[in-house]
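Trainee: Provided below: input15.txt, containing compact mmCIF, C-alpha atoms and all ligand atoms.
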# COMPACT_ATOMS: atom_id res chain seq x y z
CA MET A 1 86.74 -52.15 -44.95
CA GLN A 2 85.87 -50.31 -41.73
CA VAL A 3 83.20 -47.65 -42.30
CA LEU A 4 81.84 -44.96 -40.01
CA ALA A 5 78.26 -43.78 -40.63
CA ASP A 6 76.27 -40.90 -39.22
CA PHE A 7 72.71 -40.36 -40.48
CA PRO A 8 71.22 -37.53 -38.42
CA TRP A 9 67.64 -37.93 -39.67
CA GLU A 10 64.39 -39.18 -38.10
CA ASN A 11 64.82 -42.40 -40.11
CA GLY A 12 68.57 -42.75 -39.43
CA ALA A 13 68.11 -46.26 -37.98
CA GLU A 14 66.47 -47.35 -41.23
CA TRP A 15 69.55 -46.14 -43.19
CA VAL A 16 71.89 -48.01 -40.83
CA ASP A 17 69.86 -51.24 -41.17
CA GLU A 18 69.81 -50.88 -44.95
CA LEU A 19 73.54 -50.19 -45.02
CA ARG A 20 74.30 -53.25 -42.90
CA ARG A 21 72.07 -55.32 -45.17
CA GLN A 22 73.54 -54.12 -48.48
CA ALA A 23 77.14 -53.64 -47.34
CA ALA A 24 77.65 -56.99 -45.65
CA ALA A 25 81.24 -57.07 -46.95
CA HIS A 26 82.09 -53.96 -44.93
CA ARG A 27 82.14 -53.41 -41.16
CA ILE A 28 79.74 -50.56 -40.30
CA HIS A 29 80.22 -48.46 -37.16
CA VAL A 30 77.71 -45.83 -36.15
CA TRP A 31 78.90 -42.47 -34.83
CA PRO A 32 79.75 -41.78 -32.01
CA ASP A 33 80.49 -45.43 -31.25
CA VAL A 34 83.92 -45.90 -32.92
CA PRO A 35 86.09 -48.47 -31.11
CA ALA A 36 89.16 -48.08 -33.40
CA PRO A 37 88.89 -44.75 -35.26
CA GLU A 38 92.37 -45.15 -36.77
CA ARG A 39 91.07 -48.14 -38.79
CA ILE A 40 88.13 -46.29 -40.42
CA GLU A 41 88.69 -45.91 -44.16
CA ALA A 42 85.37 -44.40 -45.31
CA ALA A 43 82.95 -42.03 -43.59
CA ILE A 44 79.31 -41.49 -44.51
CA VAL A 45 78.25 -38.18 -43.03
CA TRP A 46 75.81 -35.32 -43.66
CA THR A 47 76.67 -32.76 -40.96
CA PRO A 48 79.78 -33.82 -39.04
CA SER A 49 80.22 -32.65 -35.47
CA THR A 50 83.42 -30.69 -34.82
CA ASP A 51 85.49 -33.71 -33.72
CA PHE A 52 84.06 -36.20 -36.20
CA PHE A 53 87.20 -36.55 -38.35
CA ALA A 54 89.77 -35.86 -35.62
CA ALA A 55 90.92 -39.47 -35.03
CA LEU A 56 90.17 -40.88 -38.50
CA THR A 57 93.82 -41.08 -39.56
CA SER A 58 93.29 -43.75 -42.27
CA LEU A 59 90.29 -42.09 -43.95
CA ARG A 60 90.31 -42.49 -47.75
CA ALA A 61 86.99 -40.84 -48.72
CA ILE A 62 83.86 -39.10 -47.45
CA ILE A 63 80.42 -40.03 -48.78
CA VAL A 64 77.57 -37.53 -48.37
CA PRO A 65 74.23 -39.40 -48.14
CA GLY A 66 72.32 -36.72 -50.05
CA ALA A 67 72.61 -34.44 -53.09
CA GLY A 68 73.74 -31.16 -51.48
CA VAL A 69 77.14 -30.84 -49.81
CA ASP A 70 77.07 -27.26 -48.47
CA GLN A 71 76.24 -28.51 -44.96
CA LEU A 72 79.44 -30.60 -44.99
CA LEU A 73 81.69 -27.99 -46.59
CA ARG A 74 80.62 -25.26 -44.18
CA SER A 75 80.58 -27.46 -41.06
CA ARG A 76 83.01 -26.58 -38.32
CA ALA A 77 84.72 -29.97 -38.55
CA ALA A 78 88.24 -29.79 -40.02
CA LEU A 79 87.73 -31.66 -43.29
CA PRO A 80 90.51 -34.11 -44.16
CA ASP A 81 91.99 -33.80 -47.65
CA VAL A 82 90.27 -36.84 -49.17
CA PRO A 83 87.81 -37.19 -52.07
CA ILE A 84 84.20 -36.32 -51.30
CA VAL A 85 81.34 -37.96 -53.18
CA ARG A 86 77.61 -37.32 -53.00
CA LEU A 87 74.41 -39.02 -54.10
CA ALA A 88 73.15 -38.51 -57.63
CA ASP A 89 70.10 -40.73 -57.33
CA PRO A 90 67.58 -40.83 -60.20
CA VAL A 91 64.85 -41.74 -57.69
CA MET A 92 65.52 -38.49 -55.82
CA ALA A 93 65.47 -36.60 -59.11
CA THR A 94 62.06 -38.06 -59.97
CA ARG A 95 60.76 -37.12 -56.53
CA MET A 96 61.98 -33.56 -57.07
CA ALA A 97 60.29 -33.47 -60.47
CA GLU A 98 56.99 -34.64 -58.91
CA TYR A 99 57.20 -31.84 -56.35
CA VAL A 100 57.91 -29.07 -58.84
CA LEU A 101 55.35 -30.37 -61.31
CA ALA A 102 52.68 -30.51 -58.60
CA MET A 103 53.40 -26.93 -57.53
CA VAL A 104 53.50 -25.62 -61.11
CA LEU A 105 50.19 -27.30 -61.98
CA ASP A 106 48.56 -26.08 -58.77
CA HIS A 107 49.55 -22.51 -59.70
CA HIS A 108 48.80 -22.76 -63.42
CA ARG A 109 45.36 -24.35 -62.98
CA ASP A 110 44.48 -22.15 -59.97
CA PHE A 111 43.50 -25.05 -57.73
CA GLY A 112 43.98 -22.96 -54.59
CA ARG A 113 41.20 -20.68 -55.83
CA TYR A 114 38.87 -23.63 -56.42
CA ARG A 115 39.63 -25.04 -52.94
CA ALA A 116 38.73 -21.62 -51.50
CA GLN A 117 35.57 -21.41 -53.66
CA GLN A 118 34.46 -24.84 -52.48
CA GLY A 119 34.54 -23.58 -48.89
CA ASP A 120 31.89 -21.02 -49.88
CA ALA A 121 30.01 -23.39 -52.24
CA VAL A 122 30.85 -21.09 -55.17
CA TRP A 123 30.54 -22.47 -58.74
CA ALA A 124 32.72 -20.18 -60.87
CA ARG A 125 35.03 -21.08 -63.76
CA HIS A 126 38.27 -19.25 -64.48
CA PHE A 127 40.07 -19.55 -67.78
CA HIS A 128 43.77 -20.23 -67.86
CA ALA A 129 46.77 -20.07 -70.22
CA ASP A 130 48.00 -23.10 -72.15
CA ALA A 131 51.10 -24.82 -70.79
CA ALA A 132 53.02 -23.82 -73.94
CA ASP A 133 52.47 -20.17 -73.05
CA ILE A 134 53.93 -20.55 -69.57
CA ARG A 135 57.68 -19.94 -69.50
CA ILE A 136 59.61 -21.75 -66.79
CA GLY A 137 63.19 -20.88 -65.86
CA ILE A 138 65.16 -23.48 -63.99
CA LEU A 139 68.25 -22.31 -62.13
CA GLY A 140 70.62 -25.29 -61.95
CA MET A 141 70.69 -27.97 -64.62
CA GLY A 142 72.25 -30.79 -62.67
CA VAL A 143 70.74 -34.11 -61.63
CA MET A 144 67.66 -32.37 -60.15
CA GLY A 145 67.26 -29.57 -62.68
CA VAL A 146 67.43 -31.80 -65.74
CA ALA A 147 64.82 -34.23 -64.35
CA VAL A 148 62.52 -31.33 -63.47
CA ALA A 149 63.00 -29.77 -66.92
CA ARG A 150 62.15 -33.04 -68.66
CA HIS A 151 58.95 -33.56 -66.64
CA LEU A 152 57.76 -29.99 -67.20
CA GLN A 153 58.62 -30.12 -70.88
CA ALA A 154 56.66 -33.39 -71.24
CA ILE A 155 53.51 -31.54 -70.12
CA GLY A 156 54.22 -28.83 -72.68
CA TYR A 157 55.64 -25.95 -70.61
CA ALA A 158 58.24 -23.72 -72.27
CA VAL A 159 61.32 -24.58 -70.23
CA THR A 160 64.77 -22.95 -70.18
CA GLY A 161 67.54 -24.13 -67.88
CA TRP A 162 70.48 -22.13 -66.54
CA SER A 163 73.84 -23.57 -65.54
CA ARG A 164 77.38 -22.39 -64.87
CA SER A 165 78.95 -24.01 -67.93
CA ASP A 166 77.41 -24.44 -71.40
CA LYS A 167 75.23 -27.52 -71.50
CA THR A 168 73.40 -29.50 -74.13
CA VAL A 169 70.30 -31.23 -72.81
CA LEU A 170 68.43 -32.97 -75.58
CA GLY A 171 65.27 -31.03 -76.47
CA ILE A 172 65.65 -28.41 -73.74
CA ASP A 173 66.59 -24.81 -74.21
CA THR A 174 69.60 -23.91 -72.06
CA VAL A 175 71.63 -20.83 -71.26
CA ALA A 176 74.76 -20.46 -69.14
CA GLY A 177 76.79 -17.99 -67.17
CA GLU A 178 76.14 -14.87 -65.14
CA ALA A 179 75.22 -12.64 -68.09
CA ALA A 180 72.34 -14.95 -69.00
CA LEU A 181 70.74 -14.86 -65.54
CA LEU A 182 68.68 -11.65 -65.51
CA PRO A 183 67.41 -12.04 -69.10
CA LEU A 184 66.22 -15.56 -68.24
CA ILE A 185 64.52 -14.45 -65.02
CA ALA A 186 62.84 -11.59 -66.87
CA ARG A 187 61.09 -14.13 -69.09
CA SER A 188 60.22 -16.73 -66.41
CA ASP A 189 56.55 -16.94 -65.42
CA VAL A 190 57.74 -19.61 -63.01
CA LEU A 191 61.27 -19.54 -61.60
CA VAL A 192 62.57 -22.75 -60.02
CA CYS A 193 65.76 -22.73 -57.96
CA LEU A 194 67.68 -26.02 -57.97
CA LEU A 195 71.19 -24.67 -57.52
CA PRO A 196 73.75 -25.91 -55.03
CA LEU A 197 74.47 -23.44 -52.25
CA THR A 198 77.92 -21.94 -52.93
CA GLU A 199 79.62 -18.59 -52.48
CA ALA A 200 78.39 -17.68 -55.99
CA THR A 201 74.76 -18.65 -55.42
CA ARG A 202 74.10 -17.56 -51.83
CA GLY A 203 71.40 -14.86 -51.84
CA ILE A 204 70.83 -15.20 -55.59
CA LEU A 205 67.05 -14.74 -55.10
CA ASN A 206 67.08 -11.12 -53.98
CA LEU A 207 65.49 -7.73 -54.62
CA GLU A 208 67.27 -7.34 -57.96
CA THR A 209 66.54 -10.81 -59.36
CA LEU A 210 63.00 -11.04 -57.96
CA GLY A 211 62.43 -7.53 -59.26
CA VAL A 212 62.84 -8.51 -62.91
CA LEU A 213 60.37 -11.41 -62.78
CA PRO A 214 57.26 -10.83 -64.89
CA GLU A 215 54.13 -9.64 -63.08
CA GLY A 216 52.36 -12.47 -61.22
CA ALA A 217 55.29 -14.92 -61.47
CA LEU A 218 55.68 -17.89 -59.13
CA LEU A 219 58.96 -18.61 -57.35
CA ILE A 220 59.78 -22.18 -56.29
CA ASN A 221 62.84 -22.67 -54.09
CA ALA A 222 63.62 -26.32 -53.43
CA ALA A 223 67.41 -25.93 -53.25
CA ARG A 224 68.68 -24.29 -50.04
CA GLY A 225 67.15 -21.60 -47.82
CA ALA A 226 70.18 -19.32 -48.08
CA HIS A 227 69.59 -18.86 -51.81
CA LEU A 228 66.67 -16.62 -50.88
CA VAL A 229 66.79 -13.27 -49.10
CA VAL A 230 63.52 -13.58 -47.19
CA PRO A 231 62.92 -9.85 -46.51
CA ASP A 232 63.37 -9.22 -50.26
CA LEU A 233 60.80 -11.92 -51.04
CA LEU A 234 58.32 -10.44 -48.55
CA ALA A 235 58.85 -6.98 -50.05
CA ALA A 236 58.27 -8.30 -53.59
CA LEU A 237 55.10 -10.12 -52.47
CA ASP A 238 53.79 -7.14 -50.58
CA GLN A 239 54.32 -4.89 -53.61
CA GLY A 240 51.89 -7.29 -55.33
CA LYS A 241 54.25 -7.94 -58.24
CA LEU A 242 55.08 -11.53 -57.43
CA GLY A 243 52.22 -14.02 -57.72
CA GLY A 244 53.44 -16.38 -55.02
CA ALA A 245 56.28 -18.44 -53.60
CA VAL A 246 56.66 -22.11 -52.82
CA LEU A 247 59.42 -22.73 -50.31
CA ASP A 248 60.69 -26.14 -49.30
CA VAL A 249 63.98 -25.04 -47.74
CA PHE A 250 64.94 -22.43 -45.15
CA GLU A 251 68.16 -21.03 -43.79
CA ASP A 252 67.24 -22.35 -40.34
CA GLU A 253 65.29 -25.58 -40.31
CA PRO A 254 62.81 -26.30 -38.87
CA LEU A 255 61.35 -22.94 -39.85
CA ALA A 256 60.74 -20.84 -36.69
CA LYS A 257 57.12 -20.85 -35.54
CA ASP A 258 57.04 -17.05 -35.64
CA SER A 259 58.33 -16.76 -39.21
CA PRO A 260 55.96 -14.59 -41.30
CA LEU A 261 56.36 -17.12 -44.11
CA TRP A 262 54.03 -19.61 -42.37
CA ARG A 263 51.08 -17.27 -42.48
CA HIS A 264 51.68 -15.32 -45.68
CA PRO A 265 48.69 -15.95 -47.99
CA ALA A 266 50.91 -16.09 -51.10
CA VAL A 267 53.50 -18.46 -49.64
CA THR A 268 53.36 -22.25 -49.56
CA VAL A 269 55.72 -23.80 -47.00
CA THR A 270 56.78 -27.45 -47.05
CA PRO A 271 59.24 -28.98 -44.54
CA HIS A 272 62.19 -29.89 -46.83
CA ILE A 273 60.35 -32.79 -48.41
CA ALA A 274 60.65 -31.91 -52.10
CA SER A 275 62.87 -34.91 -52.62
CA LEU A 276 63.40 -37.02 -49.56
CA SER A 277 66.30 -39.38 -50.11
CA ASN A 278 65.41 -43.03 -50.48
CA PRO A 279 67.34 -45.38 -48.12
CA VAL A 280 67.27 -48.34 -50.53
CA THR A 281 68.52 -46.56 -53.65
CA GLY A 282 70.67 -44.13 -51.64
CA VAL A 283 72.44 -47.00 -49.85
CA ARG A 284 72.87 -48.80 -53.16
CA GLN A 285 74.94 -45.84 -54.39
CA ILE A 286 76.81 -45.61 -51.11
CA VAL A 287 77.77 -49.29 -51.35
CA GLN A 288 78.98 -48.80 -54.94
CA ALA A 289 81.19 -45.99 -53.65
CA LEU A 290 82.46 -48.11 -50.75
CA ASP A 291 83.41 -50.93 -53.11
CA ARG A 292 85.27 -48.49 -55.37
CA ILE A 293 87.09 -46.91 -52.43
CA GLU A 294 88.21 -50.33 -51.26
CA ALA A 295 89.33 -51.31 -54.77
CA GLY A 296 91.12 -47.98 -55.28
CA GLU A 297 88.96 -47.26 -58.36
CA PRO A 298 87.94 -43.75 -59.53
CA LEU A 299 84.84 -42.46 -57.73
CA ASP A 300 81.64 -41.24 -59.39
CA HIS A 301 79.86 -37.99 -58.43
CA ARG A 302 82.94 -36.34 -56.96
CA VAL A 303 82.50 -32.97 -55.30
CA ASP A 304 84.80 -30.10 -56.23
CA PRO A 305 85.29 -28.32 -52.87
CA SER A 306 86.74 -25.25 -54.60
CA ALA A 307 83.50 -24.79 -56.60
CA GLY A 308 81.40 -25.71 -53.55
CA TYR A 309 79.41 -28.51 -55.21
P1 LIG A 401 74.21 -30.83 -59.33
O1 LIG A 401 75.55 -30.57 -58.78
O2 LIG A 401 73.97 -32.07 -60.11
O3 LIG A 401 73.79 -29.59 -60.26
C1 LIG A 401 74.04 -28.28 -59.91
C2 LIG A 401 73.69 -27.39 -61.10
O4 LIG A 401 73.80 -26.02 -60.66
C3 LIG A 401 74.62 -27.57 -62.29
O5 LIG A 401 73.92 -27.48 -63.48
C4 LIG A 401 75.58 -26.39 -62.14
O6 LIG A 401 76.15 -25.93 -63.36
C5 LIG A 401 74.64 -25.34 -61.60
N1 LIG A 401 75.40 -24.27 -60.93
C6 LIG A 401 76.21 -24.34 -59.87
N2 LIG A 401 76.73 -23.14 -59.59
C7 LIG A 401 76.24 -22.28 -60.51
C8 LIG A 401 76.42 -20.91 -60.77
N3 LIG A 401 77.24 -20.15 -60.02
N4 LIG A 401 75.78 -20.37 -61.81
C9 LIG A 401 74.97 -21.11 -62.61
N5 LIG A 401 74.74 -22.43 -62.41
C10 LIG A 401 75.38 -23.00 -61.37
O7 LIG A 401 73.19 -30.74 -58.12
P2 LIG A 401 71.78 -31.49 -57.97
O8 LIG A 401 70.96 -31.19 -59.15
O9 LIG A 401 71.97 -32.90 -57.57
O10 LIG A 401 71.20 -30.74 -56.67
C11 LIG A 401 71.03 -29.35 -56.65
C12 LIG A 401 70.68 -28.88 -55.25
O11 LIG A 401 69.35 -29.23 -54.93
C13 LIG A 401 71.50 -29.54 -54.14
O12 LIG A 401 72.76 -28.91 -54.01
C14 LIG A 401 70.61 -29.32 -52.93
O13 LIG A 401 70.92 -28.08 -52.34
C15 LIG A 401 69.21 -29.25 -53.52
N6 LIG A 401 68.39 -30.41 -53.14
C16 LIG A 401 67.24 -30.21 -52.40
C17 LIG A 401 66.43 -31.26 -52.06
C18 LIG A 401 65.15 -31.05 -51.34
O14 LIG A 401 64.51 -32.02 -50.92
N7 LIG A 401 64.69 -29.83 -51.18
C19 LIG A 401 66.80 -32.64 -52.42
C20 LIG A 401 67.98 -32.74 -53.22
C21 LIG A 401 68.76 -31.66 -53.57
P3 LIG A 401 77.14 -26.85 -64.21
O15 LIG A 401 76.24 -27.91 -64.83
O16 LIG A 401 77.71 -25.93 -65.21
O17 LIG A 401 78.12 -27.43 -63.24
C1 LIG A 402 69.80 -33.09 -50.32
C2 LIG A 402 68.59 -32.70 -49.62
O1 LIG A 402 70.61 -32.23 -50.63
O2 LIG A 402 67.84 -33.58 -49.21
O3 LIG A 402 69.97 -34.30 -50.59
O4 LIG A 402 68.33 -31.51 -49.45
Please re-express this file's structure in structure tokens.
Mentor:
Amino acid sequence: MQVLADFPWENGAEWVDELRRQAAAHRIHVWPDVPAPERIEAAIVWTPSTDFFAALTSLRAIIVPGAGVDQLLRSRAALPDVPIVRLADPVMATRMAEYVLAMVLDHHRDFGRYRAQQGDAVWARHFHADAADIRIGILGMGVMGVAVARHLQAIGYAVTGWSRSDKTVLGIDTVAGEAALLPLIARSDVLVCLLPLTEATRGILNLETLGVLPEGALLINAARGAHLVVPDLLAALDQGKLGGAVLDVFEDEPLAKDSPLWRHPAVTVTPHIASLSNPVTGVRQIVQALDRIEAGEPLDHRVDPSAGY
């Protein structure tokens, strides 16, 4: 099968090499070098340029080489009416869990304070709550949210996950639907956003929702920048109610050098690295999808464009 790939990342060449290695049965072309676009049957693309799909008249499916699909659905390219699939990679989910766990532990055990004390050679001990007394709300109980919930629960934190539809996740407390959102946030000492960016979730971290967080709470946003209304976050921090924020994602990336977030003492900024996708396991899933497309079999991890994820 003829496949067109476009990996716009620093390590894009590594993905192409891995794809050519694992997908030897398919012919891989790399955008924009497409000698016979009318013969392309599958496209692997993250953020298509406007004319990406224009000449792909035989396209049968689109594969997104990552977990989120908002960047594809809101791109200016006219999307053909074909199935879209995305990655649901357990390795990425574990990486996300490591990130959230590290940030929660850093906050809970006050390591920032000890790093600062060390600078002044201060020997002072500060007592902290038990994990079981720290309530963590996770917005989004998909591939990422469930892995994060399991890791946090294993340490003993009191975890509750929120999703759109009712969900049973063995051993984890879950709630669903809009009416459950504010009550969950109001009892979250740590709030973790792992939602897809959709019309329903854009701006969900705003003055109202941040305003009901308990005093001193930590916000972790590792989903998409547009979930968070930055001026509302800065206002909540400056009122001294919020304990801090860990932000891995931003509406415009890279984050502008003059953004106040870089220098805010209560904000930790990371450059969208919470869960970097892994070329070996990511390509393995892509190749499974390619084989299914070629065989005309049902595809796993289909995106529902009307829901936006
Ligand atoms: P999934 O599609 O597997 O899960 C999405 C979850 O969000 C589901 O539980 C879904 O509910 C819930 N959800 C969606 N809309 C709503 C809503 N309106 N109200 C309540 N819950 C809602 O996604 P993943 O877990 O794979 O990924 C989540 C996001 O994480 C990605 O879209 C991406 O933006 C981000 N991400 C960030 C990375 C990083 O490095 N920073 C890396 C990877 C992903 P339901 O179960 O009912 O459908
Ligand atoms: C993703 C991401 O969605 O890396 O896969 O943000």
Trainee: Counting all atoms listed in the file, what are the residues, protein, DNA or RNA alike, that approach ligand LIG 402 (chain A) to within 12 Å? I want them as a short mmCIF file (atom, residue, chain, number, x, y, z; two decimals) with C-alpha atoms, in the frame of the given file.
Mentor:
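out00.cif written:
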data_model
loop_
_atom_site.label_atom_id
_atom_site.label_comp_id
_atom_site.auth_asym_id
_atom_site.auth_seq_id
_atom_site.Cartn_x
_atom_site.Cartn_y
_atom_site.Cartn_z
CA PRO A 8 71.22 -37.53 -38.42
CA TRP A 9 67.64 -37.93 -39.67
CA VAL A 45 78.25 -38.18 -43.03
CA TRP A 46 75.81 -35.32 -43.66
CA THR A 47 76.67 -32.76 -40.96
CA VAL A 64 77.57 -37.53 -48.37
CA PRO A 65 74.23 -39.40 -48.14
CA GLY A 66 72.32 -36.72 -50.05
CA ALA A 67 72.61 -34.44 -53.09
CA GLY A 68 73.74 -31.16 -51.48
CA VAL A 69 77.14 -30.84 -49.81
CA ASP A 70 77.07 -27.26 -48.47
CA GLN A 71 76.24 -28.51 -44.96
CA LEU A 72 79.44 -30.60 -44.99
CA ARG A 86 77.61 -37.32 -53.00
CA LEU A 87 74.41 -39.02 -54.10
CA ALA A 88 73.15 -38.51 -57.63
CA ASP A 89 70.10 -40.73 -57.33
CA PRO A 90 67.58 -40.83 -60.20
CA VAL A 91 64.85 -41.74 -57.69
CA MET A 92 65.52 -38.49 -55.82
CA ALA A 93 65.47 -36.60 -59.11
CA ARG A 95 60.76 -37.12 -56.53
CA MET A 96 61.98 -33.56 -57.07
CA VAL A 143 70.74 -34.11 -61.63
CA MET A 144 67.66 -32.37 -60.15
CA LEU A 194 67.68 -26.02 -57.97
CA LEU A 195 71.19 -24.67 -57.52
CA PRO A 196 73.75 -25.91 -55.03
CA LEU A 197 74.47 -23.44 -52.25
CA ASN A 221 62.84 -22.67 -54.09
CA ALA A 222 63.62 -26.32 -53.43
CA ALA A 223 67.41 -25.93 -53.25
CA ARG A 224 68.68 -24.29 -50.04
CA GLY A 225 67.15 -21.60 -47.82
CA ASP A 248 60.69 -26.14 -49.30
CA VAL A 249 63.98 -25.04 -47.74
CA PHE A 250 64.94 -22.43 -45.15
CA GLU A 251 68.16 -21.03 -43.79
CA GLU A 253 65.29 -25.58 -40.31
CA PRO A 271 59.24 -28.98 -44.54
CA HIS A 272 62.19 -29.89 -46.83
CA ILE A 273 60.35 -32.79 -48.41
CA ALA A 274 60.65 -31.91 -52.10
CA SER A 275 62.87 -34.91 -52.62
CA LEU A 276 63.40 -37.02 -49.56
CA SER A 277 66.30 -39.38 -50.11
CA ASN A 278 65.41 -43.03 -50.48
CA PRO A 279 67.34 -45.38 -48.12
CA GLY A 282 70.67 -44.13 -51.64
CA TYR A 309 79.41 -28.51 -55.21
#
Trainee: Within 10 Å of Leu181 in chain A, counting all atoms listed in the file, which residues show up once you throw out same-chain ones fewer than 3 positions away? Write them as a PyMOL selection string, please.
Mentor: chain A and resi 137+139+162-163+175-178+184-186+204+209
Trainee: Which residues come within 12 Å of Val246 in chain A, counting only C-alpha atoms, excluding same-chain residues fewer than 2 positions away, as a PDB file with C-alpha atoms, in the frame of the given file?
Mentor:
ATOM      1  CA  TYR A  99      57.200 -31.840 -56.350  1.00  0.00           C
ATOM      2  CA  VAL A 100      57.910 -29.070 -58.840  1.00  0.00           C
ATOM      3  CA  LEU A 101      55.350 -30.370 -61.310  1.00  0.00           C
ATOM      4  CA  ALA A 102      52.680 -30.510 -58.600  1.00  0.00           C
ATOM      5  CA  MET A 103      53.400 -26.930 -57.530  1.00  0.00           C
ATOM      6  CA  VAL A 104      53.500 -25.620 -61.110  1.00  0.00           C
ATOM      7  CA  ASP A 106      48.560 -26.080 -58.770  1.00  0.00           C
ATOM      8  CA  HIS A 107      49.550 -22.510 -59.700  1.00  0.00           C
ATOM      9  CA  VAL A 190      57.740 -19.610 -63.010  1.00  0.00           C
ATOM     10  CA  LEU A 191      61.270 -19.540 -61.600  1.00  0.00           C
ATOM     11  CA  VAL A 192      62.570 -22.750 -60.020  1.00  0.00           C
ATOM     12  CA  CYS A 193      65.760 -22.730 -57.960  1.00  0.00           C
ATOM     13  CA  ALA A 217      55.290 -14.920 -61.470  1.00  0.00           C
ATOM     14  CA  LEU A 218      55.680 -17.890 -59.130  1.00  0.00           C
ATOM     15  CA  LEU A 219      58.960 -18.610 -57.350  1.00  0.00           C
ATOM     16  CA  ILE A 220      59.780 -22.180 -56.290  1.00  0.00           C
ATOM     17  CA  ASN A 221      62.840 -22.670 -54.090  1.00  0.00           C
ATOM     18  CA  ALA A 222      63.620 -26.320 -53.430  1.00  0.00           C
ATOM     19  CA  ALA A 223      67.410 -25.930 -53.250  1.00  0.00           C
ATOM     20  CA  GLY A 225      67.150 -21.600 -47.820  1.00  0.00           C
ATOM     21  CA  LEU A 228      66.670 -16.620 -50.880  1.00  0.00           C
ATOM     22  CA  LEU A 233      60.800 -11.920 -51.040  1.00  0.00           C
ATOM     23  CA  LEU A 242      55.080 -11.530 -57.430  1.00  0.00           C
ATOM     24  CA  GLY A 243      52.220 -14.020 -57.720  1.00  0.00           C
ATOM     25  CA  GLY A 244      53.440 -16.380 -55.020  1.00  0.00           C
ATOM     26  CA  ASP A 248      60.690 -26.140 -49.300  1.00  0.00           C
ATOM     27  CA  VAL A 249      63.980 -25.040 -47.740  1.00  0.00           C
ATOM     28  CA  PHE A 250      64.940 -22.430 -45.150  1.00  0.00           C
ATOM     29  CA  LEU A 261      56.360 -17.120 -44.110  1.00  0.00           C
ATOM     30  CA  TRP A 262      54.030 -19.610 -42.370  1.00  0.00           C
ATOM     31  CA  HIS A 264      51.680 -15.320 -45.680  1.00  0.00           C
ATOM     32  CA  PRO A 265      48.690 -15.950 -47.990  1.00  0.00           C
ATOM     33  CA  ALA A 266      50.910 -16.090 -51.100  1.00  0.00           C
ATOM     34  CA  VAL A 267      53.500 -18.460 -49.640  1.00  0.00           C
ATOM     35  CA  THR A 268      53.360 -22.250 -49.560  1.00  0.00           C
ATOM     36  CA  VAL A 269      55.720 -23.800 -47.000  1.00  0.00           C
ATOM     37  CA  THR A 270      56.780 -27.450 -47.050  1.00  0.00           C
ATOM     38  CA  PRO A 271      59.240 -28.980 -44.540  1.00  0.00           C
ATOM     39  CA  HIS A 272      62.190 -29.890 -46.830  1.00  0.00           C
ATOM     40  CA  ALA A 274      60.650 -31.910 -52.100  1.00  0.00           C
TER      41      ALA A 274
END
Trainee: Interatomic distance between CA of Ala147 in chain A and CA of Ile134 in chain A?
Mentor: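 Between these atoms lies a distance of 18.2 Å.
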Trainee: Residues near Val16 in chain A, anyone? I mean within 12 Å using all atoms listed in the file, not counting same-chain ones fewer than 5 positions away, as a PyMOL selection string.
Mentor: chain A and resi 3-11+21-24+27-31+44-45+65+279-280+282-283+286
Trainee: Kindly give the distance, in Å, that separates CA of Ser306 in chain A and atom N1 of ligand LIG 401 (chain A), rounded to a single decimal.
Mentor: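 Going from CA of Ser306 in chain A over to atom N1 of ligand LIG 401 (chain A), I get 13.0 Å.
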Trainee: Measuring between only C-alpha atoms and all ligand atoms, which one of A:Asp166, A:Asp238, A:Asp130, A:Asp173 shows the shortest distance to ligand LIG 401 (chain A)?
Mentor: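 Checking each of A:Asp166, A:Asp238, A:Asp130, A:Asp173 against ligand LIG 401 (chain A), counting only C-alpha atoms and all ligand atoms, the winner is A:Asp166.
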Trainee: Skip Gly240 in chain A itself and residues of its chain fewer than 4 positions away, then list as number ranges by chain all residues within 10 Å of it, counting all atoms listed in the file.
Mentor: A: 215-216, 234-236, 244, 266
Trainee: Give the answer as one residue: which of A:Ala124, A:Ala158, A:Ala132, A:Leu255 has the shortest atom-to-atom distance to Ile172 in chain A, using all atoms listed in the file?
Mentor: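 For Ile172 in chain A, the nearest of the given residues is A:Ala158.
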Trainee: If you measure from CA of Ala97 in chain A to atom N4 of ligand LIG 401 (chain A), what distance in Å do you get, rounded to one decimal?
Mentor: 20.3 Å
Trainee: Taking all atoms listed in the file into account, name the residue in A:Ser75, A:Thr94, A:Asn206, A:Gln2 that is nearest to Ala43 in chain A.
Mentor: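 So, comparing all the options, the nearest one is A:Gln2.
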Trainee: Let me make sure I understand: among A:Arg113, A:Pro254, A:Leu247, A:His26, which one has the smallest atom-to-atom distance to ligand LIG 401 (chain A) if we use only C-alpha atoms and all ligand atoms?
Mentor: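 Residue with the minimum atom-to-atom distance to ligand LIG 401 (chain A): A:Leu247.
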Trainee: Choose the residue, out of A:Arg164, A:His227, A:His151, A:His301, that has the smallest atom-to-atom separation from ligand LIG 401 (chain A); count all atoms listed in the file.
Mentor: A:Arg164
Trainee: Quick one: everything within 10 Å of Leu79 in chain A, counting all atoms listed in the file, minus sequence neighbours fewer than 5 positions away in the same chain. Send it as an MDAnalysis selection string.
Mentor: chainID A and resid 48 50 52:54 62 72:74 84
Trainee: Could you take the residues named above and write them with C-alpha atoms, as a JSON list (two decimals), in the frame of the given file?
Mentor:
[["chain", "number", "residue", "atom", "x", "y", "z"],
["A", 48, "PRO", "CA", 79.78, -33.82, -39.04],
["A", 50, "THR", "CA", 83.42, -30.69, -34.82],
["A", 52, "PHE", "CA", 84.06, -36.20, -36.20],
["A", 53, "PHE", "CA", 87.20, -36.55, -38.35],
["A", 54, "ALA", "CA", 89.77, -35.86, -35.62],
["A", 62, "ILE", "CA", 83.86, -39.10, -47.45],
["A", 72, "LEU", "CA", 79.44, -30.60, -44.99],
["A", 73, "LEU", "CA", 81.69, -27.99, -46.59],
["A", 74, "ARG", "CA", 80.62, -25.26, -44.18],
["A", 84, "ILE", "CA", 84.20, -36.32, -51.30]]
